[in-house]
Amino acid sequence: MTACEVAGERLELLPQRAAYWPAARTVFVADFHLGKAASFRHAGIALPRGTTEDNLARLEAALAGRAVEEVVFLGDFLHSAEGRAAGTLAAFARWRAARPALAMTLVRGNHDDRAGDPPADWGFRCVNPGEARGPFALVHEPAPVRGGYALAGHIHPAVRLSERGGPSVRLPCFWFGARVGVLPSFGAFTGSALVRPRPGDQVFVLADGEVLRVA
Amino acid sequence: MIARLEAWFAASGWRAFPFQREVWEAYLAEESGLVHSATGTGKTLAAFLGPVAEALAEGGDGHPPLRVLWITPMRALAGDTVRSLEKALAGTGLAWTVGLRTGDTPAAERARQARRPPAALVTTPESLALALSQADARERLAGVRAVIVDEWHELLGSKRGVQVELALARLRRWNPRLRTWGLSATLGNLDEALDRLLAGAPGRVVRGVADKPVVIDTLIPEDVERFPWAGHLGLVMLPDVVRALEGSRSTLVFTNTRSQAETWYQAILEAKPEWAGIVALHHGSLDADARRWVEEGLKAGRLKAVVATSSLDLGVDFSPVERVLQVGSPKGVARLLQRAGRSGHAPGQASRVTCVPAHALEFVEAAAARRAAQAGKIESRRPVEKPLDLLTQHLVTIAVGEGFLAPELREEVTATRAFRDLADDEWRWALDFVTRGGESLKAYPEYRRVEEVDGWHVVRDAAIARRHRMSVGTIVSDASIDVRFLNGRRLGHVEESFIAWLSPGDAFVFGGHVVELVRVADMTALVRPAKPGSATVPRWQGGRSPLSSELAEGIRELLEAHAEGRADEPELRAVARLLALQRRWSRIPRRGELLVEQCETREGHHAFFYPFEGRHVHVGLSALLAWRIARTRAASFSLAFNDYGFELVSRERFELLPLLKAGLLSPENLLDDVLASLNAAELSKRQFREIARVAGLVFQGYPGQPKSAKQVQATSGLIYEVFARWDAGNPLLAQAEREVLERELEYSRLAQALRRMAASPVVLRQVARPTPFAFPLLVARLREKLSSEKLADRVRRMQLEFDRAADEAAGEDAQAELFG
C-alpha cells in the first residue's frame with residue numbers, strides 16, 4: 001500500500017492506476033478512454049479485443065476490499081463518438097448494472113466534449129471542470145485553480161528514471177505538485193507523455209504492479 | 001535501328017561503349033537484364049535507348065500511351081533523370097514526352113499527365129504503388145513495355161525493393177511481354193539481384209564500362225605519434241584535411257553521421273574563414289532548397305568542398321569533383337567504392353578516395369578496405385523475404401484501386417521472389433487482417449477496411465481510401481519536425497526523437513548554425529541564434545551501420561599478415577608503434593584466433609573480446625555472454641562494443657577459462673539465449689514502428705487534419721503493447737522479431753561468428769593495463785547494462801531527473817500543450 005498526503009488529505013495510490021481517498025470513500029480515475037480501440041477499428045485499424053475487459057477488471061480490482069461509495073472520472077471517460085460501439089457500451093453497462101449503488105461522476109474533459117456524455121441509464125452525474133470536493137478542485141486539464149488543489153488527468157504523465165551510467169526507463173506516474181496533482185491515465189490503450197517534476201513535487205511510478213515513490 | 005543511336009553519338013563526339021550496344025541489342029531481342037558498373041558511366045543511355053530505338057523503328061509516333069516506366073529510389077534524382085532522358089530524345093529525334101511523378105509533383109501536373117500521359121514516366125516505388133491504387137490503373141499502365149529500375153542495389157535490400165517486385169508482378173500480368181532492366185552498382189550477389197528483379201525469368205547480367213581505376217589512399221598526419229587511440233570525430237586531422245582541400249579543385253568530404261558532418265563543416269570554416277560561400281554542407285535533414293543549391297554548385301564547379309553524409313552517395317554526376325575524402329571508418333568496401341566513384345569523372349582522371357582515420361585503428365581499416373577492393377571482395381545486399389506488413393498494404397492498395405479476386409491476386413503476389421514461399425495460412429491471415437481485422441476480431445462489427453462484395457475485394461469507404469493513399473510506402477522515418485527561426489525562415493527538419501531530448505534553451509548545431517531551441521509547437525521547432533558559448537552536437541540516429549563482413553574479414557587478414565611480417569602498407573607503418581605496443585602488452589590475433597584480454601581497473605574487472613565482426617554482432621555477443629555468465633552466478637555487467645570487439649565489466653572478478661570450457665561460446669540454444677539476453681521485446685517494439693506504419697496500424701496524420709483523425713492516432717509502441725498482450729500470435733509481431741534479429745543483430749552473421757569462435761583457439765591474456773585494442777572500448781560513452789534484477793528493484797535505485805527551471809507556470813503550460 002502506497003499512501004501520500006496531498007492538500008492535507010491522505011490518498012492511497014493504487015497499482016491499478018487509480019487513487020483512493022478514504023476520508024470521502026472516493027476513487028479517482030483519469031483518462032479511462034472507453035471505446036478507444038473500437039474507434040480505431042471503425043477507422044480500419046485492426047486492434048485486438050481485450051482492452052475494455054482489462055479496463056473493467058482493473059476498475060473492479062481498484063474497488064475490491066474498499067468501502068468505495070463513489071468513482072470520479074477526471075475527464076476523457078469516452079474516447080470518441082465513433083468509439084461508442086454496441087459491444088463496448090454493453091460491456092460497461094453490464095459492469096455498471098452489477099454496481100447500482102455506486103455513485104459515478106464524470107468531470108468532462110476534451111474527449112468527452114466530442115464523444116458525448118455516457119448513456120443516461122448509466123446514472124452518471126456529469127459536471128464541468130472545477131467542482132470542489134473538500135480541499136480538491138476536480139478538473140481534467142492540469143492547471144492551478146483558485147481556492148483549491150487541482151486533481152487532474154489529461155496529460156498521461158510519465159517520468160524517465162535512470163541508474164547512474166545505465167539505461168533509462170520510462171514509467172507512468174502519479175505527479176503531485178504544489179497546487180496541481182495529475183493521475184496516470186487509466187485506459188489500457190493509452191500512451192503517456194514525459195513530464196518534468198520539480199524539486200518538492202511528490203512522484204510515484206508504476207512498475208511491476210507496484211507503486212513506488214521516486215520523489 | 002541502332003544506327004540512329006550511333007549517329008547521334010557520333011554527332012555529339014562520343015562513341016557508344018560495347019556494353020551499351022549489348023544492352024540495346026538485348027532489349028530489341030525482347031530480353032531483360034541487369035547492368036552494373038560505377039556511377040556516371042553511361043548506364044542511363046544503355047537502358048533508355050533500347051526502347052527509343054524500338055520506337056524509332058516503329059515510325060516514331062509522338063504520342064504513344066505510356067511505354068517506359070523509369071523507377072528511381074530518390075526523388076531528388078528524378079528531375080535530373082528526366083533531363084537526361086529528354087536530351088536523349090532530342091538527340092535521336094524521337095518526339096516522345098517525358099513525365100515526372102513523385103510525391104512532390106503538383107496537382108496541376110498530375111492532372112495534365114492524366115489527360116495526356118507521357119510516353120516515358122520517371123517515378124519512385126511509392127508513386128508507382130500509388131498509381132496502382134487508382135481505379136483506372138490497368139488502363140493507364142497496361143501499355144508499358146519497359147520498366148527500368150535505377151539504383152536497384154539501393155532498393156534490393158529493403159521493403160521498397162519488394163514493393164517494386166509486387167508492382168512488376170502486376171505489370172507483367174497486364175503485359176506478359178514486359179521487359180525489365182535494372183541498373184546497379186557492383187554487388188557481391190548480382191545473380192540474386194537479377195533473379196529478384198525478373199522474378200526468376202531468364203535475363204542477362206551486363207557489366208558496364210570496364211571498371212575505371214580507383215585510387216584508395218589514406219591521409220597520414222606528420223605527427224602520427226600523438227594520434228588518438230579512440231574517438232570518432234577525427235578533428236585531429238583538420239590541418240591535413242584543409243591541406244588536402246587546398247590541393248584539389250573540388251572535393252567531397254563524406255562523414256558517417258550528420259552530426260559529424262555539421263562538426264566538420266564548422267571546423268573547416270573556422271580554419272579557413274575565407275572559404276565561406278565555397279564550402280557547403282549537405283545532409284538529409286537540410287531543407288530541399290538548400291540541398292539543391294549545393295548540388296547545383298557542385299555540378300557547376302562553384303564549390304571548393306562539400307561536407308556530406310550518405311545523402312550524396314547516389315545520384316547525379318558531379319563532374320568537377322576531383323577527390324573524395326572519407327572521414328572515419330568506411331564501414332564497407334562497396335560503400336567506399338561508391339563514394340570514390342563520385343570523383344574523377346573528367347576524361348582521363350581516376351576516381352580517388354582518401355580515408356581520414358578518426359582513431360589509430362582506422363588506419364588498419366583503411367588499408368584493409370583497399371586490399372579488399374583490389375581483390376574484388378564486394379558486399380552483397382540481402383533481399384527482404386515475405387514482409388507481411390507490406391503484403392497487407394499491397395492488398396489494400398489493390399482493393400482501393402480496381403479491387404481483386406483473392407485467388408487471382410494470390411497467384412500474382414506469389415509470382416514474386418519475395419513471396420514465393422508464402423504459406424496458405426499466411427495468405428489467409430493477411431486477407432483476414434484487411435477484411436476482418438484479424439481472426440480475433442470476427443465479432444467486431446465496427447471494423448471496416450476492405451470489404452468483400454460477391455468475392456470481389458474492394459475499399460468502399462472514401463475516408464479509408466484517402467488515408468491509405470496517404471500512407472502508401474515503406475519508408476518510415478521518425479515523425480519529422482520542421483526547424484525554423486522565429487521569423488519563420490525554415491532551416492530543415494529533424495527527427496522528433498532528437499527534439500524530444502532537448503529542452504527550451506538547449507543549443508545545438510543545425511545546418512551550419514548554432515541555434516537555441518525556443519519551443520516546439522505544431523510539429524515545428526522554433527529556434528533562434530544561440531548565445532556564444534558551448535553547443536551540444538545533435539545526437540542523430542544513423543551512422544551506426546556496422547563494419548561489413550567483407551571488411552571485417554579483411555582486417556583480420558591484414559592483422560595476421562602484419563603480425564607475420566607479410567604486410568607492408570603505408571597505413572600500417574603509420575601505426576607501427578601502436579601495433580608494437582599491442583603485441584608487447586598482449587597479442588595481435590591471427591585470423592583463426594579469438595583474442596580475449598582481462599584486466600583490473602578501479603571500475604572493476606574487465607574482459608575484452610575481439611572477434612572483429614562489426615558492431616551489431618558485438619552487441620548481440622556481449623549481451624549473450626553476459627547473460628550466460630549471469631545465469632551461473634548473480635552478476636551485473638556493464639557492456640561496451642565497437643566494430644572490433646566488446647567489453648564486459650563487472651565488480652567481481654570472474655574466471656573465464658572454466659566458463660569457456662563449460663560452453664560460454666557454444667552455438668547451442670543460441671536463438672533462445674540471444675532473445676532472452678537482449679530484451680528482445682524492447683527491440684521488437686522499436687522495430688514494430690516500421691511494421692505498424694507499413695501495415696496501416698499507425699497513421700502519421702497531416703497538417704489540417706480533422707480532429708477525428710487525431711483520435712485514431714497512437715504510437716506504434718502502444719499498439720505493439722496492445723498486440724503483445726491481447727493478440728500475441730499476430731504474425732506482425734513475429735515479423736518484428738525476425739526483422740530485429742536480421743537487421744539489428746545480424747543474427748545469421750552472429751551465429752556464423754559464434755561457430756567460428758567456438759572452433760578457434762582462444763588466446764586469453766591477462767594484461768596490466770588496457771591495450772591499444774581495448775582503449776576505444778574502455779572509453780566508450782554509451783554503455784548498456786545487463787542484469788537479472790526486477791524492474792521494481794532497479795527503480796528503487798534510480799534517480800529522477802528534476803526540471804530545475806525556475807519558471808513553474810511555464811513548465812505546467814508546456815506539459816498541458818503536449819496533450820492539448
# chains A, B, ... in the order shown; residues from 1 in each chain; ligands from 1
call {"tool": "residues_around", "arguments": {"residues": "Leu657 (chain B)", "least_positions_apart": "3", "cutoff": "12 Å", "atoms": "only C-alpha atoms", "output": "PyMOL selection string"}}
result
chain B and resi 596-598+607+629+654+660-665+762-766
call {"tool": "select_by_dssp", "arguments": {"residues": "region 536-598 of chain B", "states": "strand (DSSP E)", "output": "NGL selection string"}}
result
:B and (594-598)
call {"tool": "residues_around", "arguments": {"residues": "Val236 (chain B)", "least_positions_apart": "2", "cutoff": "12 Å", "atoms": "only C-alpha atoms", "output": "PyMOL selection string"}}
result
chain B and resi 219-224+226-234+238-242+264+267-268+327-328+356-360
call {"tool": "interface_residues", "arguments": {"of": "chain A", "to": "chain B", "cutoff": "8 Å", "atoms": "only C-alpha atoms", "output": "ChimeraX atom specification"}}
result
/A:36,38-51,79-80,85,87,141-143,154-155,159-167,189-191,193,195-199,207-208,210,212,214-215
call {"tool": "residues_around", "arguments": {"residues": "region 122-138 of chain A", "least_positions_apart": "3", "cutoff": "9 Å", "atoms": "only C-alpha atoms", "output": "PyMOL selection string"}}
result
chain A and resi 7-9+24+72+74-75+92-93+96-97+100+103-109+117-119+141+145-152
call {"tool": "write_last_selection", "arguments": {"atoms": "N, CA and C atoms", "output": "PDB file, in the first residue's frame"}}
result
ATOM      1  N   ALA A   7      -2.650  18.027  -0.207  1.00  0.00           N
ATOM      2  CA  ALA A   7      -3.570  19.076   0.266  1.00  0.00           C
ATOM      3  C   ALA A   7      -4.153  18.717   1.631  1.00  0.00           C
ATOM      4  N   GLY A   8      -3.324  18.113   2.481  1.00  0.00           N
ATOM      5  CA  GLY A   8      -3.769  17.781   3.830  1.00  0.00           C
ATOM      6  C   GLY A   8      -4.602  16.518   3.915  1.00  0.00           C
ATOM      7  N   GLU A   9      -4.875  15.879   2.791  1.00  0.00           N
ATOM      8  CA  GLU A   9      -5.680  14.660   2.786  1.00  0.00           C
ATOM      9  C   GLU A   9      -4.803  13.463   2.476  1.00  0.00           C
ATOM     10  N   ALA A  24     -13.296  10.277   1.992  1.00  0.00           N
ATOM     11  CA  ALA A  24     -14.546  10.519   1.268  1.00  0.00           C
ATOM     12  C   ALA A  24     -15.044   9.262   0.573  1.00  0.00           C
ATOM     13  N   VAL A  72     -14.980   8.901  -9.278  1.00  0.00           N
ATOM     14  CA  VAL A  72     -14.941  10.157 -10.034  1.00  0.00           C
ATOM     15  C   VAL A  72     -13.989   9.980 -11.207  1.00  0.00           C
ATOM     16  N   LEU A  74     -11.907  11.724 -13.910  1.00  0.00           N
ATOM     17  CA  LEU A  74     -11.372  13.072 -14.137  1.00  0.00           C
ATOM     18  C   LEU A  74     -11.185  13.327 -15.634  1.00  0.00           C
ATOM     19  N   GLY A  75     -12.242  13.157 -16.378  1.00  0.00           N
ATOM     20  CA  GLY A  75     -12.217  13.518 -17.802  1.00  0.00           C
ATOM     21  C   GLY A  75     -11.792  12.404 -18.729  1.00  0.00           C
ATOM     22  N   PHE A  92     -19.639  -2.156 -20.615  1.00  0.00           N
ATOM     23  CA  PHE A  92     -19.626  -1.251 -19.454  1.00  0.00           C
ATOM     24  C   PHE A  92     -20.984  -1.259 -18.745  1.00  0.00           C
ATOM     25  N   ALA A  93     -22.031  -1.302 -19.543  1.00  0.00           N
ATOM     26  CA  ALA A  93     -23.377  -1.297 -18.950  1.00  0.00           C
ATOM     27  C   ALA A  93     -23.556  -2.504 -18.035  1.00  0.00           C
ATOM     28  N   ARG A  96     -21.780  -1.810 -14.862  1.00  0.00           N
ATOM     29  CA  ARG A  96     -22.497  -0.786 -14.104  1.00  0.00           C
ATOM     30  C   ARG A  96     -23.725  -1.389 -13.412  1.00  0.00           C
ATOM     31  N   ALA A  97     -24.414  -2.272 -14.149  1.00  0.00           N
ATOM     32  CA  ALA A  97     -25.637  -2.869 -13.616  1.00  0.00           C
ATOM     33  C   ALA A  97     -25.345  -3.690 -12.361  1.00  0.00           C
ATOM     34  N   PRO A 100     -25.038  -1.062  -8.803  1.00  0.00           N
ATOM     35  CA  PRO A 100     -26.033   0.022  -8.911  1.00  0.00           C
ATOM     36  C   PRO A 100     -25.892   1.088  -7.826  1.00  0.00           C
ATOM     37  N   ALA A 103     -22.003   5.640  -6.698  1.00  0.00           N
ATOM     38  CA  ALA A 103     -22.190   6.932  -7.372  1.00  0.00           C
ATOM     39  C   ALA A 103     -21.088   7.108  -8.398  1.00  0.00           C
ATOM     40  N   MET A 104     -21.435   7.680  -9.539  1.00  0.00           N
ATOM     41  CA  MET A 104     -20.454   7.880 -10.606  1.00  0.00           C
ATOM     42  C   MET A 104     -20.506   9.333 -11.054  1.00  0.00           C
ATOM     43  N   THR A 105     -19.345   9.955 -11.077  1.00  0.00           N
ATOM     44  CA  THR A 105     -19.273  11.344 -11.518  1.00  0.00           C
ATOM     45  C   THR A 105     -18.262  11.453 -12.644  1.00  0.00           C
ATOM     46  N   LEU A 106     -18.636  12.179 -13.666  1.00  0.00           N
ATOM     47  CA  LEU A 106     -17.684  12.462 -14.743  1.00  0.00           C
ATOM     48  C   LEU A 106     -17.419  13.954 -14.793  1.00  0.00           C
ATOM     49  N   VAL A 107     -16.151  14.320 -14.606  1.00  0.00           N
ATOM     50  CA  VAL A 107     -15.739  15.700 -14.839  1.00  0.00           C
ATOM     51  C   VAL A 107     -15.360  15.756 -16.304  1.00  0.00           C
ATOM     52  N   ARG A 108     -16.118  16.482 -17.092  1.00  0.00           N
ATOM     53  CA  ARG A 108     -15.938  16.380 -18.548  1.00  0.00           C
ATOM     54  C   ARG A 108     -14.558  16.866 -18.989  1.00  0.00           C
ATOM     55  N   GLY A 109     -13.991  16.126 -19.923  1.00  0.00           N
ATOM     56  CA  GLY A 109     -12.700  16.502 -20.492  1.00  0.00           C
ATOM     57  C   GLY A 109     -12.830  16.776 -21.976  1.00  0.00           C
ATOM     58  N   ASP A 117     -21.716  12.598 -23.394  1.00  0.00           N
ATOM     59  CA  ASP A 117     -21.804  12.018 -22.054  1.00  0.00           C
ATOM     60  C   ASP A 117     -22.164  10.539 -22.156  1.00  0.00           C
ATOM     61  N   PRO A 118     -21.902   9.784 -21.100  1.00  0.00           N
ATOM     62  CA  PRO A 118     -22.307   8.371 -21.092  1.00  0.00           C
ATOM     63  C   PRO A 118     -23.830   8.265 -21.197  1.00  0.00           C
ATOM     64  N   PRO A 119     -24.354   7.118 -21.663  1.00  0.00           N
ATOM     65  CA  PRO A 119     -25.809   6.938 -21.753  1.00  0.00           C
ATOM     66  C   PRO A 119     -26.466   7.258 -20.415  1.00  0.00           C
ATOM     67  N   GLU A 141      -7.906  19.101 -17.285  1.00  0.00           N
ATOM     68  CA  GLU A 141      -6.605  19.597 -17.717  1.00  0.00           C
ATOM     69  C   GLU A 141      -5.877  20.204 -16.529  1.00  0.00           C
ATOM     70  N   VAL A 145      -5.984  26.027  -9.845  1.00  0.00           N
ATOM     71  CA  VAL A 145      -7.354  26.517  -9.682  1.00  0.00           C
ATOM     72  C   VAL A 145      -7.384  27.373  -8.421  1.00  0.00           C
ATOM     73  N   ARG A 146      -8.038  28.521  -8.520  1.00  0.00           N
ATOM     74  CA  ARG A 146      -8.098  29.382  -7.340  1.00  0.00           C
ATOM     75  C   ARG A 146      -8.926  28.703  -6.242  1.00  0.00           C
ATOM     76  N   GLY A 147      -8.404  28.704  -5.033  1.00  0.00           N
ATOM     77  CA  GLY A 147      -9.179  28.212  -3.904  1.00  0.00           C
ATOM     78  C   GLY A 147      -9.247  26.702  -3.761  1.00  0.00           C
ATOM     79  N   GLY A 148      -8.400  25.962  -4.477  1.00  0.00           N
ATOM     80  CA  GLY A 148      -8.443  24.513  -4.303  1.00  0.00           C
ATOM     81  C   GLY A 148      -7.194  23.874  -4.873  1.00  0.00           C
ATOM     82  N   TYR A 149      -6.982  22.617  -4.476  1.00  0.00           N
ATOM     83  CA  TYR A 149      -5.875  21.870  -5.037  1.00  0.00           C
ATOM     84  C   TYR A 149      -6.432  21.103  -6.236  1.00  0.00           C
ATOM     85  N   ALA A 150      -5.898  21.367  -7.433  1.00  0.00           N
ATOM     86  CA  ALA A 150      -6.467  20.775  -8.641  1.00  0.00           C
ATOM     87  C   ALA A 150      -6.059  19.311  -8.755  1.00  0.00           C
ATOM     88  N   LEU A 151      -7.063  18.407  -8.938  1.00  0.00           N
ATOM     89  CA  LEU A 151      -6.791  16.999  -9.250  1.00  0.00           C
ATOM     90  C   LEU A 151      -7.160  16.811 -10.704  1.00  0.00           C
ATOM     91  N   ALA A 152      -6.188  16.331 -11.474  1.00  0.00           N
ATOM     92  CA  ALA A 152      -6.380  16.350 -12.924  1.00  0.00           C
ATOM     93  C   ALA A 152      -5.875  15.071 -13.570  1.00  0.00           C
TER      94      ALA A 152
END
call {"tool": "residues_around", "arguments": {"residues": "Pro770 (chain B)", "least_positions_apart": "2", "cutoff": "12 Å", "atoms": "only C-alpha atoms", "output": "PyMOL selection string"}}
result
chain B and resi 229+581-582+585-586+596-601+605-608+647+765-768+772-779
call {"tool": "closest_residue", "arguments": {"among": "B:Pro273, B:Gly401, B:Gly376, B:Gly554", "to": "Leu337 (chain B)", "atoms": "only C-alpha atoms"}}
result
B:Gly376
call {"tool": "residues_around", "arguments": {"residues": "Leu78 (chain A)", "least_positions_apart": "2", "cutoff": "9 Å", "atoms": "only C-alpha atoms", "output": "PyMOL selection string"}}
result
chain A and resi 31-36+75-76+80-81+83-84+111-112+115-118
call {"tool": "atom_distance", "arguments": {"atom1": "CA of Glu262 (chain B)", "atom2": "CA of Val279 (chain B)"}}
result
12.1 Å
call {"tool": "atom_distance", "arguments": {"atom1": "CA of Leu659 (chain B)", "atom2": "CA of Arg628 (chain B)"}}
result
9.2 Å
call {"tool": "residues_around", "arguments": {"residues": "region 112-118 of chain B", "least_positions_apart": "5", "cutoff": "6 Å", "atoms": "only C-alpha atoms", "output": "PyMOL selection string"}}
result
chain B and resi 66+97-99
call {"tool": "select_by_dssp", "arguments": {"residues": "region 496-621 of chain B", "states": "alpha helix (DSSP H)", "output": "short mmCIF file (atom, residue, chain, number, x, y, z; two decimals) with N, CA and C atoms, in the first residue's frame"}}
result
data_model
loop_
_atom_site.label_atom_id
_atom_site.label_comp_id
_atom_site.auth_asym_id
_atom_site.auth_seq_id
_atom_site.Cartn_x
_atom_site.Cartn_y
_atom_site.Cartn_z
N GLU B 496 11.75 13.68 -34.68
CA GLU B 496 11.09 14.09 -33.45
C GLU B 496 11.86 13.62 -32.23
N SER B 497 12.45 12.40 -32.33
CA SER B 497 13.11 11.85 -31.14
C SER B 497 14.30 12.70 -30.73
N PHE B 498 14.90 13.37 -31.70
CA PHE B 498 16.02 14.24 -31.35
C PHE B 498 15.52 15.45 -30.56
N ILE B 499 14.48 16.09 -31.10
CA ILE B 499 13.94 17.27 -30.42
C ILE B 499 13.41 16.88 -29.04
N ALA B 500 12.87 15.66 -28.95
CA ALA B 500 12.30 15.23 -27.67
C ALA B 500 13.34 15.23 -26.55
N SER B 549 30.93 -7.71 -43.25
CA SER B 549 31.67 -8.97 -43.08
C SER B 549 32.94 -8.96 -43.91
N GLU B 550 32.81 -8.45 -45.14
CA GLU B 550 33.96 -8.47 -46.04
C GLU B 550 35.11 -7.65 -45.47
N LEU B 551 34.78 -6.44 -44.97
CA LEU B 551 35.83 -5.58 -44.45
C LEU B 551 36.38 -6.15 -43.13
N ALA B 552 35.49 -6.72 -42.33
CA ALA B 552 35.92 -7.32 -41.06
C ALA B 552 36.91 -8.45 -41.34
N GLU B 553 36.56 -9.28 -42.29
CA GLU B 553 37.46 -10.37 -42.67
C GLU B 553 38.78 -9.81 -43.18
N GLY B 554 38.69 -8.71 -43.94
CA GLY B 554 39.89 -8.04 -44.46
C GLY B 554 40.79 -7.57 -43.34
N ILE B 555 40.20 -7.05 -42.28
CA ILE B 555 41.00 -6.56 -41.15
C ILE B 555 41.69 -7.73 -40.44
N ARG B 556 40.93 -8.80 -40.22
CA ARG B 556 41.54 -9.97 -39.56
C ARG B 556 42.72 -10.49 -40.38
N GLU B 557 42.52 -10.52 -41.69
CA GLU B 557 43.58 -11.00 -42.58
C GLU B 557 44.80 -10.10 -42.52
N LEU B 558 44.53 -8.79 -42.58
CA LEU B 558 45.64 -7.84 -42.62
C LEU B 558 46.43 -7.86 -41.31
N LEU B 559 45.73 -7.98 -40.19
CA LEU B 559 46.43 -8.03 -38.91
C LEU B 559 47.33 -9.26 -38.85
N GLU B 560 46.80 -10.38 -39.35
CA GLU B 560 47.62 -11.58 -39.35
C GLU B 560 48.86 -11.38 -40.23
N ALA B 561 48.63 -10.82 -41.42
CA ALA B 561 49.75 -10.59 -42.33
C ALA B 561 50.78 -9.67 -41.68
N HIS B 562 50.29 -8.67 -40.97
CA HIS B 562 51.20 -7.74 -40.30
C HIS B 562 51.99 -8.47 -39.21
N ALA B 563 51.28 -9.26 -38.41
CA ALA B 563 51.93 -9.95 -37.30
C ALA B 563 53.01 -10.90 -37.83
N PRO B 570 51.37 1.63 -46.19
CA PRO B 570 51.72 2.90 -45.54
C PRO B 570 50.92 3.13 -44.26
N GLU B 571 49.66 2.70 -44.27
CA GLU B 571 48.82 2.93 -43.08
C GLU B 571 49.36 2.15 -41.89
N LEU B 572 49.85 0.94 -42.14
CA LEU B 572 50.36 0.12 -41.04
C LEU B 572 51.67 0.70 -40.52
N ARG B 573 52.46 1.25 -41.43
CA ARG B 573 53.69 1.90 -40.97
C ARG B 573 53.35 3.06 -40.05
N ALA B 574 52.27 3.79 -40.40
CA ALA B 574 51.89 4.95 -39.60
C ALA B 574 51.55 4.55 -38.17
N ALA B 576 52.62 1.75 -36.65
CA ALA B 576 53.52 0.65 -36.26
C ALA B 576 53.75 0.64 -34.76
N ARG B 577 53.90 1.85 -34.18
CA ARG B 577 54.21 1.90 -32.76
C ARG B 577 53.05 1.34 -31.92
N LEU B 578 51.86 1.72 -32.34
CA LEU B 578 50.69 1.24 -31.62
C LEU B 578 50.55 -0.28 -31.74
N LEU B 579 50.78 -0.78 -32.93
CA LEU B 579 50.67 -2.23 -33.12
C LEU B 579 51.76 -2.96 -32.33
N ALA B 580 52.94 -2.32 -32.25
CA ALA B 580 54.02 -2.94 -31.48
C ALA B 580 53.66 -3.01 -30.00
N LEU B 581 53.03 -1.94 -29.51
CA LEU B 581 52.58 -1.94 -28.11
C LEU B 581 51.56 -3.04 -27.88
N GLN B 582 50.62 -3.15 -28.81
CA GLN B 582 49.60 -4.18 -28.69
C GLN B 582 50.27 -5.56 -28.61
N ARG B 583 51.28 -5.74 -29.45
CA ARG B 583 51.96 -7.04 -29.47
C ARG B 583 52.70 -7.27 -28.16
N ARG B 584 53.34 -6.19 -27.66
CA ARG B 584 54.15 -6.35 -26.46
C ARG B 584 53.26 -6.61 -25.24
N TRP B 585 52.18 -5.85 -25.12
CA TRP B 585 51.33 -5.98 -23.94
C TRP B 585 50.43 -7.20 -24.02
N ARG B 615 29.86 -4.03 -35.26
CA ARG B 615 29.16 -3.58 -34.07
C ARG B 615 27.90 -4.37 -33.73
N HIS B 616 27.05 -4.60 -34.74
CA HIS B 616 25.79 -5.29 -34.44
C HIS B 616 26.03 -6.66 -33.82
N VAL B 617 26.95 -7.40 -34.43
CA VAL B 617 27.23 -8.74 -33.92
C VAL B 617 27.79 -8.64 -32.50
N HIS B 618 28.60 -7.62 -32.25
CA HIS B 618 29.19 -7.48 -30.92
C HIS B 618 28.16 -7.10 -29.87
N VAL B 619 27.15 -6.31 -30.27
CA VAL B 619 26.06 -6.01 -29.34
C VAL B 619 25.43 -7.32 -28.88
N GLY B 620 25.11 -8.17 -29.87
CA GLY B 620 24.48 -9.44 -29.55
C GLY B 620 25.39 -10.36 -28.76
N LEU B 621 26.63 -10.46 -29.17
CA LEU B 621 27.55 -11.36 -28.48
C LEU B 621 27.81 -10.94 -27.05
#
